[in-house]
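Shown below: upload-v3.txt, with compact mmCIF, N, CA and C atoms.
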# COMPACT_ATOMS: atom_id res chain seq x y z
N GLN A 247 -18.36 5.55 0.59
CA GLN A 247 -17.71 4.73 -0.40
C GLN A 247 -16.42 5.41 -0.85
N VAL A 248 -15.36 4.62 -0.92
CA VAL A 248 -14.05 5.13 -1.33
C VAL A 248 -13.60 4.36 -2.55
N GLN A 249 -13.23 5.08 -3.57
CA GLN A 249 -12.64 4.44 -4.76
C GLN A 249 -11.15 4.68 -4.78
N LEU A 250 -10.41 3.62 -5.04
CA LEU A 250 -8.95 3.68 -5.04
C LEU A 250 -8.43 3.25 -6.41
N VAL A 251 -7.51 4.03 -6.95
CA VAL A 251 -6.96 3.73 -8.26
C VAL A 251 -5.44 3.74 -8.17
N GLU A 252 -4.85 2.56 -8.39
CA GLU A 252 -3.39 2.45 -8.36
C GLU A 252 -2.80 2.73 -9.74
N SER A 253 -1.55 3.19 -9.73
CA SER A 253 -0.81 3.40 -10.96
C SER A 253 0.67 3.28 -10.65
N GLY A 254 1.47 3.18 -11.71
CA GLY A 254 2.92 3.17 -11.54
C GLY A 254 3.58 1.82 -11.67
N GLY A 255 2.80 0.77 -11.83
CA GLY A 255 3.39 -0.54 -12.00
C GLY A 255 4.05 -0.68 -13.36
N GLY A 256 4.77 -1.79 -13.53
CA GLY A 256 5.42 -2.03 -14.81
C GLY A 256 6.48 -3.10 -14.70
N LEU A 257 7.31 -3.16 -15.74
CA LEU A 257 8.39 -4.13 -15.82
C LEU A 257 9.71 -3.43 -15.51
N VAL A 258 10.49 -4.00 -14.61
CA VAL A 258 11.77 -3.41 -14.23
C VAL A 258 12.77 -4.52 -13.98
N GLN A 259 14.03 -4.22 -14.20
CA GLN A 259 15.08 -5.19 -13.93
C GLN A 259 15.38 -5.25 -12.44
N ALA A 260 15.88 -6.38 -12.01
CA ALA A 260 16.28 -6.52 -10.62
C ALA A 260 17.27 -5.42 -10.25
N GLY A 261 17.08 -4.87 -9.06
CA GLY A 261 17.89 -3.76 -8.61
C GLY A 261 17.32 -2.39 -8.95
N GLY A 262 16.30 -2.38 -9.77
CA GLY A 262 15.69 -1.13 -10.18
C GLY A 262 14.66 -0.62 -9.18
N SER A 263 13.99 0.45 -9.56
CA SER A 263 13.02 1.11 -8.68
C SER A 263 11.73 1.40 -9.42
N LEU A 264 10.67 1.44 -8.65
CA LEU A 264 9.35 1.88 -9.13
C LEU A 264 8.67 2.65 -8.02
N ARG A 265 7.81 3.55 -8.41
CA ARG A 265 6.99 4.28 -7.43
C ARG A 265 5.53 4.07 -7.77
N LEU A 266 4.82 3.42 -6.87
CA LEU A 266 3.39 3.22 -7.04
C LEU A 266 2.63 4.37 -6.40
N SER A 267 1.52 4.73 -7.03
CA SER A 267 0.63 5.75 -6.47
C SER A 267 -0.76 5.16 -6.34
N CYS A 268 -1.49 5.66 -5.38
CA CYS A 268 -2.88 5.24 -5.19
C CYS A 268 -3.69 6.50 -4.90
N ALA A 269 -4.56 6.84 -5.83
CA ALA A 269 -5.40 8.02 -5.68
C ALA A 269 -6.76 7.61 -5.12
N ALA A 270 -7.21 8.33 -4.09
CA ALA A 270 -8.47 8.02 -3.44
C ALA A 270 -9.51 9.08 -3.74
N SER A 271 -10.75 8.62 -3.84
CA SER A 271 -11.84 9.55 -4.18
C SER A 271 -12.39 10.26 -2.96
N ALA A 272 -12.14 9.74 -1.76
CA ALA A 272 -12.80 10.23 -0.56
C ALA A 272 -12.31 11.61 -0.15
N ARG A 273 -13.26 12.49 0.19
CA ARG A 273 -12.90 13.80 0.74
C ARG A 273 -12.28 13.63 2.12
N THR A 274 -12.64 12.52 2.77
CA THR A 274 -12.15 12.26 4.12
C THR A 274 -10.94 11.34 4.11
N PHE A 275 -10.14 11.43 3.06
CA PHE A 275 -8.98 10.55 2.91
C PHE A 275 -8.10 10.57 4.15
N SER A 276 -7.95 11.72 4.77
CA SER A 276 -7.05 11.86 5.92
C SER A 276 -7.52 11.09 7.15
N THR A 277 -8.75 10.57 7.10
CA THR A 277 -9.25 9.79 8.24
C THR A 277 -8.99 8.29 8.09
N TYR A 278 -8.42 7.90 6.96
CA TYR A 278 -8.20 6.48 6.68
C TYR A 278 -6.75 6.09 6.90
N THR A 279 -6.55 4.99 7.58
CA THR A 279 -5.25 4.32 7.54
C THR A 279 -5.14 3.63 6.18
N MET A 280 -3.99 3.74 5.55
CA MET A 280 -3.81 3.17 4.22
C MET A 280 -2.78 2.04 4.25
N GLY A 281 -2.97 1.11 3.35
CA GLY A 281 -2.05 -0.02 3.29
C GLY A 281 -1.79 -0.45 1.86
N TRP A 282 -0.66 -1.11 1.67
CA TRP A 282 -0.32 -1.76 0.42
C TRP A 282 -0.19 -3.27 0.68
N PHE A 283 -0.79 -4.04 -0.19
CA PHE A 283 -0.69 -5.49 -0.15
C PHE A 283 -0.28 -5.97 -1.53
N ARG A 284 0.14 -7.21 -1.64
CA ARG A 284 0.50 -7.76 -2.94
C ARG A 284 0.10 -9.23 -3.01
N GLN A 285 -0.08 -9.68 -4.24
CA GLN A 285 -0.43 -11.07 -4.45
C GLN A 285 0.31 -11.59 -5.67
N ALA A 286 1.14 -12.59 -5.45
CA ALA A 286 1.87 -13.23 -6.52
C ALA A 286 1.06 -14.42 -7.04
N PRO A 287 1.31 -14.85 -8.27
CA PRO A 287 0.56 -15.99 -8.83
C PRO A 287 0.67 -17.22 -7.95
N GLY A 288 -0.48 -17.81 -7.63
CA GLY A 288 -0.50 -19.02 -6.83
C GLY A 288 -0.28 -18.82 -5.36
N LYS A 289 -0.20 -17.57 -4.93
CA LYS A 289 0.03 -17.28 -3.50
C LYS A 289 -1.09 -16.43 -2.94
N GLU A 290 -1.18 -16.43 -1.63
CA GLU A 290 -2.18 -15.60 -0.97
C GLU A 290 -1.74 -14.15 -0.94
N ARG A 291 -2.72 -13.27 -0.80
CA ARG A 291 -2.40 -11.86 -0.68
C ARG A 291 -1.61 -11.63 0.60
N GLU A 292 -0.57 -10.81 0.54
CA GLU A 292 0.26 -10.57 1.71
C GLU A 292 0.45 -9.08 1.94
N PHE A 293 0.65 -8.76 3.20
CA PHE A 293 0.87 -7.39 3.63
C PHE A 293 2.23 -6.90 3.16
N VAL A 294 2.28 -5.62 2.75
CA VAL A 294 3.53 -4.99 2.35
C VAL A 294 3.89 -3.83 3.29
N ALA A 295 2.96 -2.87 3.42
CA ALA A 295 3.25 -1.69 4.24
C ALA A 295 1.95 -1.00 4.61
N THR A 296 1.98 -0.26 5.70
CA THR A 296 0.82 0.50 6.13
C THR A 296 1.27 1.83 6.72
N ILE A 297 0.40 2.83 6.64
CA ILE A 297 0.70 4.16 7.15
C ILE A 297 -0.52 4.71 7.86
N SER A 298 -0.30 5.32 9.01
CA SER A 298 -1.40 5.89 9.77
C SER A 298 -1.99 7.09 9.05
N ARG A 299 -3.17 7.49 9.49
CA ARG A 299 -3.84 8.60 8.80
C ARG A 299 -3.05 9.89 8.92
N SER A 300 -2.26 10.02 9.99
CA SER A 300 -1.43 11.21 10.17
C SER A 300 -0.13 11.13 9.38
N GLY A 301 0.23 9.93 8.97
CA GLY A 301 1.49 9.72 8.28
C GLY A 301 2.66 9.50 9.21
N ILE A 302 2.42 9.60 10.51
CA ILE A 302 3.51 9.49 11.49
C ILE A 302 3.97 8.05 11.66
N SER A 303 3.02 7.12 11.67
CA SER A 303 3.36 5.73 11.95
C SER A 303 3.35 4.90 10.67
N THR A 304 4.36 4.07 10.53
CA THR A 304 4.44 3.16 9.39
C THR A 304 4.91 1.79 9.87
N ILE A 305 4.49 0.76 9.17
CA ILE A 305 4.94 -0.60 9.44
C ILE A 305 5.21 -1.27 8.10
N TYR A 306 6.25 -2.10 8.07
CA TYR A 306 6.61 -2.80 6.84
C TYR A 306 6.73 -4.29 7.08
N ALA A 307 6.45 -5.05 6.05
CA ALA A 307 6.75 -6.48 6.09
C ALA A 307 8.26 -6.64 6.13
N ASP A 308 8.72 -7.67 6.80
CA ASP A 308 10.16 -7.91 6.91
C ASP A 308 10.81 -8.04 5.53
N SER A 309 10.08 -8.59 4.59
CA SER A 309 10.64 -8.85 3.27
C SER A 309 10.94 -7.58 2.48
N VAL A 310 10.34 -6.45 2.88
CA VAL A 310 10.55 -5.20 2.12
C VAL A 310 11.21 -4.12 2.96
N LYS A 311 11.40 -4.39 4.23
CA LYS A 311 11.95 -3.38 5.14
C LYS A 311 13.32 -2.93 4.66
N GLY A 312 13.53 -1.62 4.62
CA GLY A 312 14.79 -1.06 4.15
C GLY A 312 14.85 -0.84 2.65
N ARG A 313 13.89 -1.38 1.91
CA ARG A 313 13.85 -1.21 0.45
C ARG A 313 12.65 -0.40 -0.01
N PHE A 314 11.52 -0.57 0.67
CA PHE A 314 10.28 0.11 0.31
C PHE A 314 9.98 1.20 1.32
N THR A 315 9.33 2.26 0.83
CA THR A 315 8.90 3.36 1.70
C THR A 315 7.47 3.75 1.34
N ILE A 316 6.62 3.74 2.34
CA ILE A 316 5.24 4.19 2.15
C ILE A 316 5.13 5.63 2.63
N SER A 317 4.36 6.42 1.91
CA SER A 317 4.13 7.82 2.31
C SER A 317 2.76 8.23 1.82
N ARG A 318 2.31 9.37 2.28
CA ARG A 318 1.00 9.86 1.85
C ARG A 318 1.01 11.37 1.77
N ASP A 319 0.15 11.88 0.91
CA ASP A 319 -0.06 13.32 0.78
C ASP A 319 -1.56 13.54 0.93
N ASN A 320 -1.98 13.92 2.13
CA ASN A 320 -3.41 14.06 2.38
C ASN A 320 -4.04 15.19 1.58
N ALA A 321 -3.25 16.18 1.21
CA ALA A 321 -3.78 17.27 0.39
C ALA A 321 -4.12 16.80 -1.02
N LYS A 322 -3.43 15.73 -1.46
CA LYS A 322 -3.66 15.19 -2.80
C LYS A 322 -4.45 13.88 -2.78
N ASN A 323 -4.88 13.47 -1.59
CA ASN A 323 -5.64 12.21 -1.46
C ASN A 323 -4.90 11.04 -2.08
N THR A 324 -3.60 10.97 -1.85
CA THR A 324 -2.78 9.97 -2.51
C THR A 324 -1.82 9.32 -1.52
N VAL A 325 -1.65 8.01 -1.69
CA VAL A 325 -0.65 7.27 -0.94
C VAL A 325 0.34 6.68 -1.95
N TYR A 326 1.60 6.61 -1.54
CA TYR A 326 2.67 6.18 -2.44
C TYR A 326 3.40 4.97 -1.85
N LEU A 327 4.02 4.22 -2.73
CA LEU A 327 4.92 3.16 -2.31
C LEU A 327 6.17 3.25 -3.19
N GLN A 328 7.25 3.76 -2.61
CA GLN A 328 8.53 3.82 -3.31
C GLN A 328 9.24 2.48 -3.12
N MET A 329 9.56 1.84 -4.22
CA MET A 329 10.16 0.51 -4.16
C MET A 329 11.55 0.57 -4.79
N ASN A 330 12.56 0.33 -3.99
CA ASN A 330 13.95 0.34 -4.45
C ASN A 330 14.55 -1.06 -4.32
N SER A 331 15.66 -1.25 -4.99
CA SER A 331 16.39 -2.54 -4.93
C SER A 331 15.43 -3.71 -5.15
N LEU A 332 14.65 -3.60 -6.19
CA LEU A 332 13.62 -4.61 -6.45
C LEU A 332 14.25 -5.97 -6.78
N LYS A 333 13.55 -7.01 -6.36
CA LYS A 333 13.99 -8.38 -6.56
C LYS A 333 12.92 -9.13 -7.36
N PRO A 334 13.30 -10.20 -8.04
CA PRO A 334 12.29 -10.98 -8.78
C PRO A 334 11.15 -11.45 -7.87
N GLU A 335 11.43 -11.72 -6.62
CA GLU A 335 10.38 -12.18 -5.71
C GLU A 335 9.40 -11.07 -5.31
N ASP A 336 9.67 -9.84 -5.74
CA ASP A 336 8.71 -8.76 -5.52
C ASP A 336 7.64 -8.74 -6.61
N THR A 337 7.78 -9.58 -7.61
CA THR A 337 6.80 -9.64 -8.69
C THR A 337 5.44 -10.05 -8.14
N ALA A 338 4.43 -9.21 -8.42
CA ALA A 338 3.09 -9.45 -7.89
C ALA A 338 2.16 -8.36 -8.40
N VAL A 339 0.88 -8.56 -8.16
CA VAL A 339 -0.08 -7.47 -8.32
C VAL A 339 -0.14 -6.74 -6.98
N TYR A 340 0.04 -5.43 -7.02
CA TYR A 340 0.05 -4.62 -5.82
C TYR A 340 -1.28 -3.88 -5.68
N TYR A 341 -1.84 -3.97 -4.48
CA TYR A 341 -3.12 -3.36 -4.18
C TYR A 341 -2.97 -2.34 -3.06
N CYS A 342 -3.63 -1.20 -3.21
CA CYS A 342 -3.74 -0.32 -2.05
C CYS A 342 -5.12 -0.52 -1.42
N ALA A 343 -5.21 -0.19 -0.16
CA ALA A 343 -6.44 -0.42 0.58
C ALA A 343 -6.62 0.66 1.64
N ALA A 344 -7.89 0.91 2.00
CA ALA A 344 -8.22 1.95 2.97
C ALA A 344 -8.95 1.34 4.16
N ASP A 345 -8.45 1.65 5.33
CA ASP A 345 -9.03 1.21 6.61
C ASP A 345 -9.66 2.41 7.28
N PRO A 346 -10.96 2.38 7.54
CA PRO A 346 -11.64 3.56 8.09
C PRO A 346 -11.30 3.89 9.54
N THR A 347 -10.52 3.07 10.20
CA THR A 347 -9.96 3.27 11.56
C THR A 347 -11.01 3.25 12.67
N ARG A 348 -12.23 3.68 12.36
CA ARG A 348 -13.34 3.60 13.32
C ARG A 348 -12.97 4.15 14.70
N GLY A 349 -12.51 5.36 14.75
CA GLY A 349 -12.28 6.05 16.00
C GLY A 349 -10.95 5.74 16.67
N ARG A 350 -10.15 4.90 16.05
CA ARG A 350 -8.85 4.59 16.64
C ARG A 350 -7.93 5.80 16.56
N SER A 351 -6.80 5.73 17.25
CA SER A 351 -5.91 6.88 17.35
C SER A 351 -5.28 7.21 15.99
N GLY A 352 -4.72 8.40 15.92
CA GLY A 352 -4.06 8.84 14.70
C GLY A 352 -2.80 8.06 14.38
N PHE A 353 -2.34 7.25 15.32
CA PHE A 353 -1.15 6.44 15.10
C PHE A 353 -1.49 5.02 14.65
N TYR A 354 -2.77 4.74 14.50
CA TYR A 354 -3.22 3.40 14.20
C TYR A 354 -2.75 2.93 12.82
N THR A 355 -2.22 1.72 12.79
CA THR A 355 -1.85 1.07 11.53
C THR A 355 -2.34 -0.37 11.60
N SER A 356 -2.40 -1.03 10.44
CA SER A 356 -2.87 -2.40 10.42
C SER A 356 -2.20 -3.19 9.31
N ASP A 357 -1.78 -4.40 9.64
CA ASP A 357 -1.23 -5.31 8.63
C ASP A 357 -2.21 -6.44 8.33
N LEU A 358 -3.45 -6.28 8.76
CA LEU A 358 -4.46 -7.32 8.57
C LEU A 358 -5.42 -6.94 7.45
N PRO A 359 -5.52 -7.75 6.41
CA PRO A 359 -6.40 -7.40 5.28
C PRO A 359 -7.86 -7.19 5.69
N ASN A 360 -8.31 -7.91 6.71
CA ASN A 360 -9.74 -7.82 7.04
C ASN A 360 -10.13 -6.54 7.76
N THR A 361 -9.16 -5.68 8.07
CA THR A 361 -9.52 -4.37 8.65
C THR A 361 -9.72 -3.32 7.57
N TYR A 362 -9.40 -3.66 6.34
CA TYR A 362 -9.51 -2.71 5.23
C TYR A 362 -10.83 -2.92 4.49
N ASP A 363 -11.60 -1.85 4.39
CA ASP A 363 -12.92 -1.94 3.76
C ASP A 363 -12.89 -1.71 2.25
N TYR A 364 -11.90 -0.98 1.79
CA TYR A 364 -11.88 -0.57 0.39
C TYR A 364 -10.55 -0.97 -0.25
N TRP A 365 -10.66 -1.44 -1.49
CA TRP A 365 -9.50 -1.94 -2.22
C TRP A 365 -9.49 -1.39 -3.64
N GLY A 366 -8.27 -1.16 -4.14
CA GLY A 366 -8.13 -0.79 -5.54
C GLY A 366 -8.13 -2.03 -6.42
N GLN A 367 -8.00 -1.80 -7.72
CA GLN A 367 -8.06 -2.90 -8.68
C GLN A 367 -6.71 -3.58 -8.86
N GLY A 368 -5.65 -2.94 -8.37
CA GLY A 368 -4.32 -3.54 -8.44
C GLY A 368 -3.51 -3.05 -9.62
N THR A 369 -2.20 -3.08 -9.46
CA THR A 369 -1.28 -2.74 -10.55
C THR A 369 -0.17 -3.77 -10.57
N GLN A 370 0.17 -4.24 -11.75
CA GLN A 370 1.15 -5.32 -11.90
C GLN A 370 2.57 -4.78 -11.81
N VAL A 371 3.38 -5.43 -10.99
CA VAL A 371 4.81 -5.16 -10.92
C VAL A 371 5.54 -6.44 -11.28
N THR A 372 6.40 -6.34 -12.28
CA THR A 372 7.18 -7.49 -12.71
C THR A 372 8.66 -7.14 -12.66
N VAL A 373 9.41 -7.94 -11.93
CA VAL A 373 10.85 -7.70 -11.79
C VAL A 373 11.58 -8.85 -12.47
N SER A 374 12.35 -8.51 -13.49
CA SER A 374 13.09 -9.53 -14.22
C SER A 374 14.49 -9.70 -13.63
N SER A 375 14.99 -10.92 -13.73
CA SER A 375 16.32 -11.21 -13.17
C SER A 375 17.42 -10.97 -14.20
Take the structure in the file and give it back as structure tokens.
Amino acid sequence: QVQLVESGGGLVQAGGSLRLSCAASARTFSTYTMGWFRQAPGKEREFVATISRSGISTIYADSVKGRFTISRDNAKNTVYLQMNSLKPEDTAVYYCAADPTRGRSGFYTSDLPNTYDYWGQGTQVTVSS
């Protein structure tokens, strides 16, 4: 069982920045591919970014590419999402999630919510225009 706790959300003006953190309880954090997803009011949850367990491979949604950066610190059991040049359309609840990879390579990443077994409670990000 993995518990994930997000932090760092808040209210920011358009063009501003926020850094989200997700702390994991698992001793085996380094074996999980990690992802960030978001859900805006009235919309389905959507993929934002993912990072392989090694940290070498990353994938981003087209809507955030060049503005957001995902990273991880396996020594601290934490994954981060640096969000720059924020736009009002980035307003959503942001969730981190852990994919156990199940023997896949260290470069494995996933943009599919159904591959992630564990989810945090979410943190609200609101971008004002």
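With distances restricted to all atoms listed in the file, A:Met280 is the closest residue to Ala343 (chain A) from A:Ile302, A:Met280, A:Ala295, A:Met329.
Nearest residue to Glu292 (chain A), choosing from A:Leu266, A:Ala307, A:Ala344, A:Val325 and counting all atoms listed in the file: A:Ala307.
Distance check against Leu332 (chain A) using all atoms listed in the file: of A:Asp345, A:Leu264, A:Ser356, A:Ser300, the minimum falls on A:Leu264.
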Inset, instruction - Give me the residues within 6.5 Å of region 250-263 of chain A as a count of residues only, counting all atoms listed in the file and dropping any in the same chain fewer than 2 places off. - result: 26
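Proximity of A:Pro346, A:Gly312, A:Pro359, A:Gly301 to Tyr278 (chain A), computed with only N, CA and C atoms, is greatest for A:Pro346.
For the choices A:Asp363, A:Gln249, A:Tyr306, A:Thr355, the atom-to-atom distance to Ala272 (chain A) is smallest for A:Gln249 when using all atoms listed in the file.
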Inset, instruction - Work out how far CA of Thr315 (chain A) is from CA of Leu327 (chain A), in Å to one decimal. - result: 5.7 Å
Inset, instruction - Run DSSP on the backbone and grab whatever in chain A lands in helix (DSSP H, G or I); send it over as number ranges by chain. - result: A: 275-277, 334-336, 359-361
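CA of Phe353 (chain A) is positioned 5.5 Å from CA of Ser303 (chain A).
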Legend entry - One-decimal distance in Å that lies between CA of Ser298 (chain A) and CA of Ala321 (chain A): 14.9 Å
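Minimum atom-to-atom distance to Arg284 (chain A), evaluated using only C-alpha atoms, belongs to A:Thr337 out of A:Ser309, A:Ser317, A:Thr337, A:Asn360.
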